[in-house]
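Below you'll find the structure, written out as structure tokens, and then a few comments.
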Amino acid sequence: MRCYPFFHAFSRGEDWGRREPPFARGFGRRGPDFDGGPKGGPFGGPGRRRMFDQGDLRFVVLKLIADKPSHGYEIIKAIEERVGGAYAPSPGVIYPTLTLLEEMGAIAVSQTDGPRKLYAVTPEGEATLREKEKEVEAIFARMEDARARHGGGPAPQILRAMENFRTALRLRLSRGPLSADEVARLAAILDEAAKGVENA
């Protein structure tokens with residue numbers, strides 16, 4: 001089994017957040033992500049505690065994987081659901097967090113499907129969750145509170161889907177001129193998507 005010195009520090013309860021690399025504190029759709037971001041935002045104005053303190057998001061990801069082996073996209077959706085759509089973590093935050101947890105020995109890839117990786121918790125990860133049980137419960141309690149308080153804001157699931165759609169279309173068009181058949185297929189896809197939205 002691989003041994004990572006800083007994983008043992010994390011398990012002992014030392015300041016895991018200080019070991020957070022810059023890429024794990026990325027910026028999301030609403031500004032600085034709540035893992036290490038400034039206070040305030042959708043979960044409260046000045047003076048309120050933010051949803052995720054520095055390092056909290058990794059405990060959230062670890063707990064969700066311990067509950068159910070998951071792909072990165074499934075974890076994003078699970079967090080969205082836990083907070084009632086009040087926050088959507090970006091892939092640029094979740095996937096580096098998964099990589100870091102794997103390097104720390106807390107999770108491992110149990111199955112691959114092309115580029116998709118299914119992550120499962122390791123005995124070291126389970127031990128960490130037991131040691132940090134109260135802290136993890138407090139984080140999830142804040143998420144449940146955010147779910148109860150949130151309402152009426154733009155759904156980040158829809159914003160994310162719109163961004164994914166725009167990105168996919170832009171990348172496809174950047175690959176070069178389209179043939180007549182390709183133009184017809186893309187137009188049909190766009191028309192079908194528009195009809196689906198109208199009828200939703």
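Ordering of the structure tokens sets the chain letters (A, B, ...); residue numbers start at 1 within each chain; ligands are numbered from 1 in the order shown.
For Leu101 (chain A), the residues within 9 Å (counting only C-alpha atoms, excluding itself and residues fewer than 4 positions away along the chain) are A:Phe7, A:Arg58, A:Val61, A:Leu62, A:Pro96, A:Thr97, A:Gly105, A:Ala106, A:Ile107, A:Ala108, A:Gly125.
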When DSSP is applied to the backbone of this structure, which of region 132-197 of chain A are assigned helix (DSSP H, G or I)? Write them out as a PyMOL selection string. chain A and resi 133-149+156-174+180-197
Using only C-alpha atoms, determine which residues lie at most 7 Å from Gly72 (chain A), disregarding the query and same-chain residues fewer than 3 positions distant; provide the list as a list in words. Ile75, Ile76, Ile94 and Tyr95 of chain A
File dump, residues just selected, all heavy atoms, as a PDB file, in the first residue's frame:
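Wrote it out as result11.pdb, contents follow:
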ATOM      1  N   ILE A  75     -20.851  12.855  -7.817  1.00  0.00           N
ATOM      2  CA  ILE A  75     -20.569  13.599  -6.593  1.00  0.00           C
ATOM      3  C   ILE A  75     -21.040  15.039  -6.726  1.00  0.00           C
ATOM      4  O   ILE A  75     -21.617  15.614  -5.791  1.00  0.00           O
ATOM      5  CB  ILE A  75     -19.063  13.538  -6.278  1.00  0.00           C
ATOM      6  CG1 ILE A  75     -18.663  12.097  -5.937  1.00  0.00           C
ATOM      7  CG2 ILE A  75     -18.704  14.478  -5.134  1.00  0.00           C
ATOM      8  CD1 ILE A  75     -17.180  11.866  -5.878  1.00  0.00           C
ATOM      9  N   ILE A  76     -20.812  15.640  -7.899  1.00  0.00           N
ATOM     10  CA  ILE A  76     -21.294  17.001  -8.140  1.00  0.00           C
ATOM     11  C   ILE A  76     -22.807  17.059  -7.956  1.00  0.00           C
ATOM     12  O   ILE A  76     -23.338  17.942  -7.274  1.00  0.00           O
ATOM     13  CB  ILE A  76     -20.893  17.477  -9.550  1.00  0.00           C
ATOM     14  CG1 ILE A  76     -19.373  17.665  -9.633  1.00  0.00           C
ATOM     15  CG2 ILE A  76     -21.615  18.774  -9.918  1.00  0.00           C
ATOM     16  CD1 ILE A  76     -18.857  17.970 -11.025  1.00  0.00           C
ATOM     17  N   ILE A  94     -13.966  19.652  -7.987  1.00  0.00           N
ATOM     18  CA  ILE A  94     -14.230  18.262  -7.580  1.00  0.00           C
ATOM     19  C   ILE A  94     -13.150  17.309  -8.056  1.00  0.00           C
ATOM     20  O   ILE A  94     -12.644  16.485  -7.275  1.00  0.00           O
ATOM     21  CB  ILE A  94     -15.605  17.808  -8.089  1.00  0.00           C
ATOM     22  CG1 ILE A  94     -16.715  18.576  -7.371  1.00  0.00           C
ATOM     23  CG2 ILE A  94     -15.783  16.297  -7.889  1.00  0.00           C
ATOM     24  CD1 ILE A  94     -16.741  18.372  -5.871  1.00  0.00           C
ATOM     25  N   TYR A  95     -12.757  17.389  -9.327  1.00  0.00           N
ATOM     26  CA  TYR A  95     -11.807  16.404  -9.836  1.00  0.00           C
ATOM     27  C   TYR A  95     -10.415  16.530  -9.215  1.00  0.00           C
ATOM     28  O   TYR A  95      -9.799  15.495  -8.885  1.00  0.00           O
ATOM     29  CB  TYR A  95     -11.760  16.453 -11.370  1.00  0.00           C
ATOM     30  CG  TYR A  95     -13.005  15.837 -11.982  1.00  0.00           C
ATOM     31  CD1 TYR A  95     -14.041  16.620 -12.458  1.00  0.00           C
ATOM     32  CD2 TYR A  95     -13.164  14.449 -12.032  1.00  0.00           C
ATOM     33  CE1 TYR A  95     -15.193  16.056 -12.986  1.00  0.00           C
ATOM     34  CE2 TYR A  95     -14.307  13.875 -12.556  1.00  0.00           C
ATOM     35  CZ  TYR A  95     -15.317  14.681 -13.031  1.00  0.00           C
ATOM     36  OH  TYR A  95     -16.460  14.112 -13.540  1.00  0.00           O
TER      37      TYR A  95
END
Can you tell me which residues surround Ala138 (chain A) at a distance of at most 12 Å, considering only C-alpha atoms, apart from same-chain residues fewer than 3 positions away, and format the answer as a compact mmCIF listing (two decimals) with C-alpha atoms, in the first residue's frame?
# COMPACT_ATOMS: atom_id res chain seq x y z
CA MET A 51 -20.99 26.75 3.92
CA PHE A 52 -17.53 25.16 3.57
CA ASP A 53 -14.55 26.19 5.61
CA ASP A 56 -14.40 20.90 4.38
CA PHE A 59 -14.63 15.65 3.93
CA VAL A 60 -17.90 16.02 2.02
CA LYS A 132 -13.68 13.18 12.31
CA GLU A 133 -17.28 12.04 12.76
CA LYS A 134 -18.45 15.11 14.68
CA GLU A 135 -16.83 17.54 12.26
CA ALA A 141 -25.88 19.75 9.09
CA ARG A 142 -24.92 23.09 7.54
CA MET A 143 -25.66 21.66 4.11
CA GLU A 144 -29.09 20.50 5.29
CA ASP A 145 -29.74 23.94 6.74
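For region 182-195 of chain A, the set of protein, DNA and RNA residues having any atom at most 10 Å away, when counting only C-alpha atoms and skipping those fewer than 4 positions along the same chain, is Phe165, Leu169, Arg172, Pro177, Leu178, Asn199 and Ala200 of chain A.
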